[in-house]
$ cat start_19.pdb   # PDB, C-alpha atoms and all ligand atoms
ATOM      1  CA  MET E   1      14.150   2.640  -2.652
ATOM      2  CA  PRO E   2      11.558   4.713  -0.841
ATOM      3  CA  GLU E   3      10.677   2.872   2.366
ATOM      4  CA  LEU E   4       8.048   3.524   5.023
ATOM      5  CA  PRO E   5       9.352   6.954   6.188
ATOM      6  CA  GLU E   6       9.759   8.266   2.648
ATOM      7  CA  VAL E   7       6.317   7.029   1.596
ATOM      8  CA  GLU E   8       4.754   8.338   4.816
ATOM      9  CA  THR E   9       6.354  11.748   4.174
ATOM     10  CA  ILE E  10       4.788  11.816   0.707
ATOM     11  CA  VAL E  11       1.409  10.638   2.043
ATOM     12  CA  ARG E  12       1.311  13.375   4.699
ATOM     13  CA  SER E  13       2.049  16.033   2.083
ATOM     14  CA  LEU E  14      -0.546  14.556  -0.273
ATOM     15  CA  ARG E  15      -3.167  14.712   2.476
ATOM     16  CA  LYS E  16      -2.349  18.321   3.209
ATOM     17  CA  LEU E  17      -2.034  19.538  -0.365
ATOM     18  CA  THR E  18      -4.429  17.456  -2.447
ATOM     19  CA  ALA E  19      -7.420  16.565  -0.248
ATOM     20  CA  GLY E  20     -10.567  18.158  -1.605
ATOM     21  CA  ARG E  21      -9.064  18.786  -5.038
ATOM     22  CA  ARG E  22     -10.780  17.649  -8.202
ATOM     23  CA  ILE E  23      -9.185  15.448 -10.838
ATOM     24  CA  LEU E  24      -9.334  16.988 -14.296
ATOM     25  CA  LYS E  25      -7.582  14.170 -16.136
ATOM     26  CA  TYR E  26      -5.777  10.917 -15.413
ATOM     27  CA  HIS E  27      -3.191  10.911 -18.137
ATOM     28  CA  PRO E  28      -0.747   7.973 -18.458
ATOM     29  CA  LEU E  29       2.215   8.585 -20.748
ATOM     30  CA  ARG E  30       3.068   4.888 -20.729
ATOM     31  CA  ASN E  31       0.052   2.626 -20.644
ATOM     32  CA  ASP E  32       2.101  -0.339 -19.433
ATOM     33  CA  TYR E  33       2.998   1.591 -16.262
ATOM     34  CA  ILE E  34      -0.655   1.293 -15.206
ATOM     35  CA  HIS E  35      -0.756  -2.285 -13.962
ATOM     36  CA  GLN E  36      -4.497  -2.429 -13.540
ATOM     37  CA  GLY E  37      -7.586  -0.402 -14.342
ATOM     38  CA  LEU E  38      -6.409   1.546 -17.384
ATOM     39  CA  GLU E  39      -9.972   1.194 -18.715
ATOM     40  CA  HIS E  40     -11.255   3.184 -15.701
ATOM     41  CA  ARG E  41      -9.106   6.241 -16.388
ATOM     42  CA  LYS E  42     -11.922   8.359 -17.788
ATOM     43  CA  LYS E  43     -14.231   7.439 -14.898
ATOM     44  CA  VAL E  44     -12.077   9.273 -12.374
ATOM     45  CA  THR E  45     -12.484  12.609 -14.151
ATOM     46  CA  ASN E  46     -14.258  15.092 -11.880
ATOM     47  CA  SER E  47     -13.872  12.934  -8.793
ATOM     48  CA  VAL E  48     -12.518  14.590  -5.673
ATOM     49  CA  ILE E  49      -9.574  13.352  -3.594
ATOM     50  CA  GLN E  50     -10.985  12.401  -0.222
ATOM     51  CA  GLU E  51      -8.344  10.508   1.717
ATOM     52  CA  VAL E  52      -4.781   9.321   1.246
ATOM     53  CA  GLU E  53      -3.691   6.108   2.911
ATOM     54  CA  ARG E  54      -0.369   4.320   3.283
ATOM     55  CA  ARG E  55       0.126   0.611   3.740
ATOM     56  CA  GLY E  56       3.711  -0.573   3.794
ATOM     57  CA  LYS E  57       5.319   1.208   0.856
ATOM     58  CA  TYR E  58       2.037   1.613  -1.045
ATOM     59  CA  ILE E  59      -0.011   4.779  -1.431
ATOM     60  CA  ALA E  60      -3.774   4.680  -1.996
ATOM     61  CA  ILE E  61      -5.626   7.858  -2.954
ATOM     62  CA  HIS E  62      -9.328   7.376  -2.294
ATOM     63  CA  LEU E  63     -11.693   9.303  -4.535
ATOM     64  CA  SER E  64     -15.269  10.542  -4.110
ATOM     65  CA  ASN E  65     -16.597   8.245  -6.855
ATOM     66  CA  ASN E  66     -15.582   5.032  -5.027
ATOM     67  CA  PHE E  67     -12.404   4.492  -6.996
ATOM     68  CA  SER E  68      -8.913   4.413  -5.509
ATOM     69  CA  LEU E  69      -5.611   5.244  -7.166
ATOM     70  CA  LEU E  70      -2.771   2.985  -6.105
ATOM     71  CA  HIS E  71       0.888   3.973  -6.388
ATOM     72  CA  HIS E  72       4.147   2.189  -5.666
ATOM     73  CA  LEU E  73       7.449   3.953  -6.216
ATOM     74  CA  GLY E  74       9.582   0.858  -6.772
ATOM     75  CA  MET E  75      13.330   1.510  -6.702
ATOM     76  CA  SER E  76      13.596   4.936  -8.259
ATOM     77  CA  GLY E  77      10.063   6.353  -8.367
ATOM     78  CA  ARG E  78       9.023   9.861  -7.412
ATOM     79  CA  LEU E  79       5.613  11.340  -6.923
ATOM     80  CA  LEU E  80       5.746  15.091  -7.394
ATOM     81  CA  LEU E  81       3.158  17.839  -7.125
ATOM     82  CA  GLN E  82       4.077  20.607  -9.509
ATOM     83  CA  PRO E  83       2.684  23.378 -11.708
ATOM     84  CA  GLY E  84       1.191  22.013 -14.913
ATOM     85  CA  SER E  85       3.347  24.500 -16.811
ATOM     86  CA  ASP E  86       6.591  22.838 -15.622
ATOM     87  CA  PRO E  87       8.441  21.095 -18.450
ATOM     88  CA  LEU E  88       7.941  17.342 -18.460
ATOM     89  CA  GLU E  89      10.975  15.558 -17.155
ATOM     90  CA  LYS E  90      12.219  12.364 -18.748
ATOM     91  CA  HIS E  91      10.733   9.143 -17.329
ATOM     92  CA  THR E  92       7.447  10.782 -16.342
ATOM     93  CA  HIS E  93       4.966   7.945 -16.866
ATOM     94  CA  LEU E  94       1.817   9.407 -15.362
ATOM     95  CA  ARG E  95       0.256  12.841 -15.011
ATOM     96  CA  ILE E  96      -2.811  13.438 -12.857
ATOM     97  CA  LEU E  97      -4.124  16.905 -13.635
ATOM     98  CA  LEU E  98      -5.845  18.639 -10.737
ATOM     99  CA  ASP E  99      -8.278  21.571 -10.545
ATOM    100  CA  ASP E 100      -8.125  23.410 -13.871
ATOM    101  CA  GLY E 101      -4.866  21.688 -14.845
ATOM    102  CA  SER E 102      -2.654  24.349 -13.296
ATOM    103  CA  VAL E 103      -1.337  21.774 -10.818
ATOM    104  CA  GLU E 104      -0.546  18.133 -11.395
ATOM    105  CA  LEU E 105       0.720  15.039  -9.704
ATOM    106  CA  ARG E 106       3.428  13.386 -11.739
ATOM    107  CA  GLN E 107       4.951   9.969 -11.260
ATOM    108  CA  ARG E 108       8.492   9.619 -12.568
ATOM    109  CA  ASP E 109      10.326   6.333 -12.459
ATOM    110  CA  PRO E 110      13.487   5.803 -14.550
ATOM    111  CA  ARG E 111      13.888   2.119 -13.624
ATOM    112  CA  ARG E 112      10.171   1.343 -13.776
ATOM    113  CA  PHE E 113       9.990  -1.035 -10.831
ATOM    114  CA  GLY E 114       7.093   1.036  -9.527
ATOM    115  CA  PHE E 115       3.582   1.193 -10.908
ATOM    116  CA  ALA E 116       0.195   2.856 -10.687
ATOM    117  CA  ALA E 117      -3.296   1.323 -10.772
ATOM    118  CA  ILE E 118      -6.931   2.409 -10.719
ATOM    119  CA  LEU E 119      -9.332   0.204  -8.803
ATOM    120  CA  PRO E 120     -12.866   0.360  -7.511
ATOM    121  CA  SER E 121     -12.178   1.020  -3.802
ATOM    122  CA  VAL E 122     -13.947  -2.222  -2.797
ATOM    123  CA  GLU E 123     -11.467  -4.212  -4.887
ATOM    124  CA  LEU E 124      -8.450  -2.803  -3.066
ATOM    125  CA  LYS E 125      -9.026  -5.260  -0.223
ATOM    126  CA  THR E 126      -8.446  -8.170  -2.593
ATOM    127  CA  PHE E 127      -5.718  -6.590  -4.740
ATOM    128  CA  VAL E 128      -2.800  -8.960  -4.180
ATOM    129  CA  SER E 129       0.034  -6.513  -3.557
ATOM    130  CA  TRP E 130      -2.099  -4.566  -1.056
ATOM    131  CA  SER E 131      -4.004  -7.373   0.670
ATOM    132  CA  HIS E 132      -0.970  -9.612   1.229
ATOM    133  CA  LEU E 133       0.947  -6.980   3.157
ATOM    134  CA  GLY E 134       1.966  -7.813   6.710
ATOM    135  CA  ALA E 135       1.502  -5.712   9.816
ATOM    136  CA  ASP E 136       2.495  -2.080  10.033
ATOM    137  CA  PRO E 137       5.422  -1.738  12.475
ATOM    138  CA  PHE E 138       3.560   0.988  14.361
ATOM    139  CA  ARG E 139       0.554  -1.276  14.945
ATOM    140  CA  LEU E 140       2.310  -4.589  15.513
ATOM    141  CA  ARG E 141       2.429  -5.729  19.135
ATOM    142  CA  ALA E 142       5.653  -7.136  20.566
ATOM    143  CA  PRO E 143       4.265 -10.628  21.442
ATOM    144  CA  ARG E 144       2.939 -11.009  17.910
ATOM    145  CA  PHE E 145       6.262  -9.837  16.458
ATOM    146  CA  TYR E 146       8.092 -12.408  18.573
ATOM    147  CA  ALA E 147       5.629 -15.140  17.558
ATOM    148  CA  LEU E 148       6.192 -14.344  13.868
ATOM    149  CA  MET E 149       9.942 -14.876  14.308
ATOM    150  CA  ALA E 150       9.914 -17.881  16.622
ATOM    151  CA  GLY E 151      11.176 -21.208  15.274
ATOM    152  CA  ARG E 152      12.543 -19.803  12.008
ATOM    153  CA  LYS E 153      16.028 -20.272  10.652
ATOM    154  CA  GLN E 154      15.779 -17.289   8.317
ATOM    155  CA  ALA E 155      18.246 -14.434   8.875
ATOM    156  CA  VAL E 156      16.572 -11.678  10.861
ATOM    157  CA  LYS E 157      17.309  -9.079   8.199
ATOM    158  CA  SER E 158      15.651 -11.205   5.482
ATOM    159  CA  PHE E 159      12.658 -11.692   7.763
ATOM    160  CA  LEU E 160      12.335  -7.930   8.303
ATOM    161  CA  LEU E 161      12.490  -7.309   4.551
ATOM    162  CA  ASP E 162       9.617  -9.729   3.861
ATOM    163  CA  GLN E 163       6.671  -7.409   3.213
ATOM    164  CA  ARG E 164       4.178 -10.204   3.942
ATOM    165  CA  ARG E 165       5.387 -10.365   7.568
ATOM    166  CA  ILE E 166       6.021  -6.744   8.405
ATOM    167  CA  ALA E 167       5.332  -4.054   5.840
ATOM    168  CA  GLY E 168       7.358  -0.977   5.029
ATOM    169  CA  LEU E 169      10.969  -1.819   5.848
ATOM    170  CA  GLY E 170      13.697  -1.909   3.216
ATOM    171  CA  ASN E 171      17.467  -1.988   3.192
ATOM    172  CA  ILE E 172      18.099   1.289   5.025
ATOM    173  CA  TYR E 173      15.824   0.876   8.020
ATOM    174  CA  THR E 174      16.480  -2.828   8.611
ATOM    175  CA  ASP E 175      20.215  -2.055   8.852
ATOM    176  CA  GLU E 176      19.678   0.980  11.058
ATOM    177  CA  ALA E 177      17.176  -0.749  13.379
ATOM    178  CA  LEU E 178      19.304  -3.910  13.776
ATOM    179  CA  PHE E 179      22.311  -1.746  14.657
ATOM    180  CA  ARG E 180      20.364   0.110  17.313
ATOM    181  CA  ALA E 181      19.048  -3.153  18.736
ATOM    182  CA  GLY E 182      22.568  -4.673  18.781
ATOM    183  CA  ILE E 183      21.456  -7.663  16.696
ATOM    184  CA  HIS E 184      23.623  -9.117  13.931
ATOM    185  CA  PRO E 185      21.699  -9.117  10.621
ATOM    186  CA  VAL E 186      22.349 -12.789   9.821
ATOM    187  CA  ARG E 187      21.222 -14.186  13.173
ATOM    188  CA  PRO E 188      18.436 -16.728  12.708
ATOM    189  CA  THR E 189      15.153 -15.217  13.863
ATOM    190  CA  GLY E 190      14.447 -18.305  15.958
ATOM    191  CA  GLN E 191      17.433 -17.446  18.183
ATOM    192  CA  ILE E 192      16.100 -14.029  19.090
ATOM    193  CA  SER E 193      14.690 -13.884  22.602
ATOM    194  CA  SER E 194      11.407 -12.304  23.496
ATOM    195  CA  ALA E 195      13.230  -9.410  25.209
ATOM    196  CA  GLU E 196      15.409  -8.832  22.140
ATOM    197  CA  ALA E 197      12.347  -8.921  19.898
ATOM    198  CA  GLY E 198      10.688  -6.277  22.065
ATOM    199  CA  ARG E 199      13.772  -4.096  21.888
ATOM    200  CA  LEU E 200      14.092  -4.587  18.137
ATOM    201  CA  LEU E 201      10.483  -3.524  17.560
ATOM    202  CA  GLN E 202      11.089  -0.416  19.651
ATOM    203  CA  CYS E 203      14.241   0.377  17.652
ATOM    204  CA  ILE E 204      12.368  -0.097  14.369
ATOM    205  CA  ARG E 205       9.699   2.363  15.474
ATOM    206  CA  THR E 206      12.214   4.886  16.798
ATOM    207  CA  VAL E 207      14.312   4.933  13.639
ATOM    208  CA  LEU E 208      11.206   5.171  11.446
ATOM    209  CA  ARG E 209       9.792   8.024  13.544
ATOM    210  CA  GLU E 210      13.069   9.946  13.493
ATOM    211  CA  SER E 211      13.270   9.557   9.742
ATOM    212  CA  ILE E 212       9.674  10.711   9.197
ATOM    213  CA  VAL E 213      10.474  13.850  11.219
ATOM    214  CA  ALA E 214      13.496  14.437   8.940
ATOM    215  CA  GLY E 215      11.397  13.917   5.805
ATOM    216  CA  GLY E 216      12.981  10.534   4.951
ATOM    217  CA  SER E 217      16.379   9.564   3.548
ATOM    218  CA  SER E 218      17.482  10.876   0.158
ATOM    219  CA  THR E 219      20.208   8.343  -0.560
ATOM    220  CA  ASN E 220      19.441   7.841  -4.251
ATOM    221  CA  ASP E 221      16.457   9.168  -6.140
ATOM    222  CA  TYR E 222      13.987   9.923  -3.404
ATOM    223  CA  GLN E 223      12.528  13.413  -3.225
ATOM    224  CA  ARG E 224       9.615  14.750  -1.240
ATOM    225  CA  LEU E 225       6.349  15.711  -2.954
ATOM    226  CA  ASP E 226       7.673  19.237  -3.568
ATOM    227  CA  GLY E 227      10.970  17.977  -5.021
ATOM    228  CA  THR E 228      13.103  18.787  -1.970
ATOM    229  CA  LEU E 229      15.374  16.205  -0.358
ATOM    230  CA  GLY E 230      14.841  14.332   2.889
ATOM    231  CA  LEU E 231      17.517  14.759   5.550
ATOM    232  CA  PHE E 232      17.699  11.507   7.464
ATOM    233  CA  GLN E 233      20.648  10.196   5.404
ATOM    234  CA  HIS E 234      22.817  12.488   7.543
ATOM    235  CA  LYS E 235      21.705  10.563  10.631
ATOM    236  CA  HIS E 236      22.449   7.058   9.381
ATOM    237  CA  ARG E 237      24.712   5.171  11.780
ATOM    238  CA  VAL E 238      25.663   2.162   9.622
ATOM    239  CA  TYR E 239      23.880   2.294   6.267
ATOM    240  CA  ARG E 240      26.480   3.037   3.547
ATOM    241  CA  ARG E 241      29.084   3.907   6.177
ATOM    242  CA  VAL E 242      31.506   1.061   5.445
ATOM    243  CA  GLY E 243      34.968   1.780   6.870
ATOM    244  CA  LEU E 244      33.737   4.684   8.995
ATOM    245  CA  PRO E 245      33.873   4.385  12.779
ATOM    246  CA  CYS E 246      30.882   3.042  14.690
ATOM    247  CA  PRO E 247      29.389   5.926  16.711
ATOM    248  CA  ILE E 248      29.365   3.694  19.815
ATOM    249  CA  CYS E 249      32.450   1.414  19.838
ATOM    250  CA  HIS E 250      34.494   3.125  17.078
ATOM    251  CA  ARG E 251      35.212  -0.118  15.213
ATOM    252  CA  LYS E 252      34.874   0.172  11.469
ATOM    253  CA  ILE E 253      31.436  -0.470   9.962
ATOM    254  CA  GLU E 254      31.447  -3.528   7.713
ATOM    255  CA  LYS E 255      29.346  -4.761   4.844
ATOM    256  CA  LEU E 256      28.157  -8.193   3.825
ATOM    257  CA  VAL E 257      25.820  -9.361   1.102
ATOM    258  CA  LEU E 258      22.712 -11.188   2.240
ATOM    259  CA  ASN E 259      20.395 -12.577  -0.465
ATOM    260  CA  GLY E 260      21.855 -10.065  -2.863
ATOM    261  CA  ARG E 261      21.260  -7.110  -0.543
ATOM    262  CA  SER E 262      24.107  -4.994   0.830
ATOM    263  CA  THR E 263      23.972  -5.181   4.590
ATOM    264  CA  HIS E 264      25.804  -2.748   6.852
ATOM    265  CA  TYR E 265      26.619  -3.513  10.486
ATOM    266  CA  CYS E 266      29.077  -2.980  13.311
ATOM    267  CA  PRO E 267      31.093  -6.116  14.144
ATOM    268  CA  GLY E 268      31.590  -4.807  17.694
ATOM    269  CA  CYS E 269      28.043  -3.854  18.646
ATOM    270  CA  GLN E 270      25.984  -6.450  16.779
ATOM    271  CA  THR E 271      26.199 -10.022  17.985
TER     272      THR E 271
HETATM  273 ZN    ZN E 301      29.973  -0.526  17.321
END
$ encode --input "start_19.pdb" --output "structure tokens"
Amino acid sequence: MPELPEVETIVRSLRKLTAGRRILKYHPLRNDYIHQGLEHRKKVTNSVIQEVERRGKYIAIHLSNNFSLLHHLGMSGRLLLQPGSDPLEKHTHLRILLDDGSVELRQRDPRRFGFAAILPSVELKTFVSWSHLGADPFRLRAPRFYALMAGRKQAVKSFLLDQRRIAGLGNIYTDEALFRAGIHPVRPTGQISSAEAGRLLQCIRTVLRESIVAGGSSTNDYQRLDGTLGLFQHKHRVYRRVGLPCPICHRKIEKLVLNGRSTHYCPGCQT
């Protein structure tokens, strides 16, 4: 699933390549993929892309006519900018034609856990999946992070995956950040000290930053806006490395299942 670094990579490319461009047509190929605002689709014609924003794993494209386009890539979604003459690939659910139609944004999503929506920009603030998101890990302060965890029995990995607490982390980056912080994924959050919380937040930011620089992790379906792969999967230290040696203590990486999610960790380094 695209997580914060993958979505941020797409957002940065969108800003660079689509800002100032005019929308010729918002063209859903599956109406049920547009979770909200299908009736507004003709109103966005001729509007200009002004700003692209990321919150957690969500992308909002703000338009000149006070509408915003919301996108979530779910498990297997891709947002691609390509020539309008390219053949349509299977599972393309949305085409947004730009300029004279020679270029378009296409959203593909074989498993359809993602979605798109059109909203008046003022309504974005109250749109549930956007407004209920927790803090961005780059903006969250360590004391607040510690306060969010204090007194809870929940496993730290489950806490980190809860988008209402901290937004943008998924299976890859929780595993990688917990490894770097030396914290076992099932430890109850309430047992994590203030110093450990500070270190964990730093590790989360570092791993996210390194991944953004590498263009994200292409472990499954993720591709960048131009269809190329991210490279951070080559830098993973524990994620999907079961049986391989830990880069620090050389014990074998293990896997456990936590709330249905595969969780990778080093039994030597993470206590
Ligand atoms: Zn180790």
$ residues_near_point --input "start_19.pdb" --point "(-5.3, 1.4, -4.5)" --cutoff "12 Å" --atoms "all atoms listed in the file" --output "tab-separated table (two decimals) with C-alpha atoms, keeping the file's coordinate frame"
chain	number	residue	atom	x	y	z
E	34	ILE	CA	-0.66	1.29	-15.21
E	35	HIS	CA	-0.76	-2.28	-13.96
E	36	GLN	CA	-4.50	-2.43	-13.54
E	37	GLY	CA	-7.59	-0.40	-14.34
E	51	GLU	CA	-8.34	10.51	1.72
E	52	VAL	CA	-4.78	9.32	1.25
E	53	GLU	CA	-3.69	6.11	2.91
E	54	ARG	CA	-0.37	4.32	3.28
E	55	ARG	CA	0.13	0.61	3.74
E	57	LYS	CA	5.32	1.21	0.86
E	58	TYR	CA	2.04	1.61	-1.04
E	59	ILE	CA	-0.01	4.78	-1.43
E	60	ALA	CA	-3.77	4.68	-2.00
E	61	ILE	CA	-5.63	7.86	-2.95
E	62	HIS	CA	-9.33	7.38	-2.29
E	63	LEU	CA	-11.69	9.30	-4.54
E	66	ASN	CA	-15.58	5.03	-5.03
E	67	PHE	CA	-12.40	4.49	-7.00
E	68	SER	CA	-8.91	4.41	-5.51
E	69	LEU	CA	-5.61	5.24	-7.17
E	70	LEU	CA	-2.77	2.98	-6.10
E	71	HIS	CA	0.89	3.97	-6.39
E	72	HIS	CA	4.15	2.19	-5.67
E	115	PHE	CA	3.58	1.19	-10.91
E	116	ALA	CA	0.20	2.86	-10.69
E	117	ALA	CA	-3.30	1.32	-10.77
E	118	ILE	CA	-6.93	2.41	-10.72
E	119	LEU	CA	-9.33	0.20	-8.80
E	120	PRO	CA	-12.87	0.36	-7.51
E	121	SER	CA	-12.18	1.02	-3.80
E	122	VAL	CA	-13.95	-2.22	-2.80
E	123	GLU	CA	-11.47	-4.21	-4.89
E	124	LEU	CA	-8.45	-2.80	-3.07
E	125	LYS	CA	-9.03	-5.26	-0.22
E	126	THR	CA	-8.45	-8.17	-2.59
E	127	PHE	CA	-5.72	-6.59	-4.74
E	128	VAL	CA	-2.80	-8.96	-4.18
E	129	SER	CA	0.03	-6.51	-3.56
E	130	TRP	CA	-2.10	-4.57	-1.06
E	131	SER	CA	-4.00	-7.37	0.67
$ atom_distance --input "start_19.pdb" --atom1 "CA of Pro83 (chain E)" --atom2 "CA of Leu229 (chain E)"
18.5 Å
$ closest_residue --input "start_19.pdb" --among "E:Gly168, E:Glu6, E:Leu225, E:Gly182" --to "ligand ZN 301 (chain E)" --atoms "all atoms listed in the file"
E:Gly182
$ residues_around --input "start_19.pdb" --residues "Arg187 (chain E)" --least-positions-apart "5" --cutoff "9 Å" --atoms "all atoms listed in the file" --output "list of chain:residue names"
E:Lys153, E:Gln154, E:Ala155, E:Val156, E:Lys157, E:Ile192, E:Thr271
$ write_last_selection --input "start_19.pdb" --atoms "C-alpha atoms" --output "PDB file, in the frame of the given file"
ATOM      1  CA  LYS E 153      16.028 -20.272  10.652  1.00  0.00           C
ATOM      2  CA  GLN E 154      15.779 -17.289   8.317  1.00  0.00           C
ATOM      3  CA  ALA E 155      18.246 -14.434   8.875  1.00  0.00           C
ATOM      4  CA  VAL E 156      16.572 -11.678  10.861  1.00  0.00           C
ATOM      5  CA  LYS E 157      17.309  -9.079   8.199  1.00  0.00           C
ATOM      6  CA  ILE E 192      16.100 -14.029  19.090  1.00  0.00           C
ATOM      7  CA  THR E 271      26.199 -10.022  17.985  1.00  0.00           C
TER       8      THR E 271
END
$ residues_near_ligand --input "start_19.pdb" --ligand "ligand ZN 301 (chain E)" --cutoff "10 Å" --atoms "all atoms listed in the file" --output "ChimeraX atom specification"
/E:179-180,182,237-238,245-253,265-270
$ write_last_selection --input "start_19.pdb" --atoms "C-alpha atoms" --output "short mmCIF file (atom, residue, chain, number, x, y, z; two decimals), in the coordinates of the input"
data_model
loop_
_atom_site.label_atom_id
_atom_site.label_comp_id
_atom_site.auth_asym_id
_atom_site.auth_seq_id
_atom_site.Cartn_x
_atom_site.Cartn_y
_atom_site.Cartn_z
CA PHE E 179 22.31 -1.75 14.66
CA ARG E 180 20.36 0.11 17.31
CA GLY E 182 22.57 -4.67 18.78
CA ARG E 237 24.71 5.17 11.78
CA VAL E 238 25.66 2.16 9.62
CA PRO E 245 33.87 4.38 12.78
CA CYS E 246 30.88 3.04 14.69
CA PRO E 247 29.39 5.93 16.71
CA ILE E 248 29.36 3.69 19.82
CA CYS E 249 32.45 1.41 19.84
CA HIS E 250 34.49 3.12 17.08
CA ARG E 251 35.21 -0.12 15.21
CA LYS E 252 34.87 0.17 11.47
CA ILE E 253 31.44 -0.47 9.96
CA TYR E 265 26.62 -3.51 10.49
CA CYS E 266 29.08 -2.98 13.31
CA PRO E 267 31.09 -6.12 14.14
CA GLY E 268 31.59 -4.81 17.69
CA CYS E 269 28.04 -3.85 18.65
CA GLN E 270 25.98 -6.45 16.78
#
$ resolve_selection --input "start_19.pdb" --expression "the PyMOL selection byres (((chain E and resi 219) around 10) and not hetatm)" --output "list in words"
Met1, Pro2, Ile172, Gly216, Ser217, Ser218, Asn220, Asp221, Tyr222, Gln223, Leu229, Gly230, Leu231, Phe232, Gln233, His234, Tyr239 and Arg240 of chain E
$ atom_distance --input "start_19.pdb" --atom1 "CA of Leu148 (chain E)" --atom2 "CA of Asp175 (chain E)"
19.3 Å
$ axis_aligned_box --input "start_19.pdb" --around "region 85-100 of chain E" --padding-each-side "5 Å" --output "AutoDock Vina command-line options"
--center_x 2.0 --center_y 16.2 --center_z -14.6 --size_x 30.5 --size_y 26.6 --size_z 18.2
$ residues_around --input "start_19.pdb" --residues "region 16-24 of chain E" --least-positions-apart "2" --cutoff "8 Å" --atoms "all atoms listed in the file" --output "JSON, numbers by chain"
{"E": [12, 13, 14, 26, 44, 45, 46, 47, 48, 49, 50, 51, 52, 96, 97, 98, 99, 100, 101]}
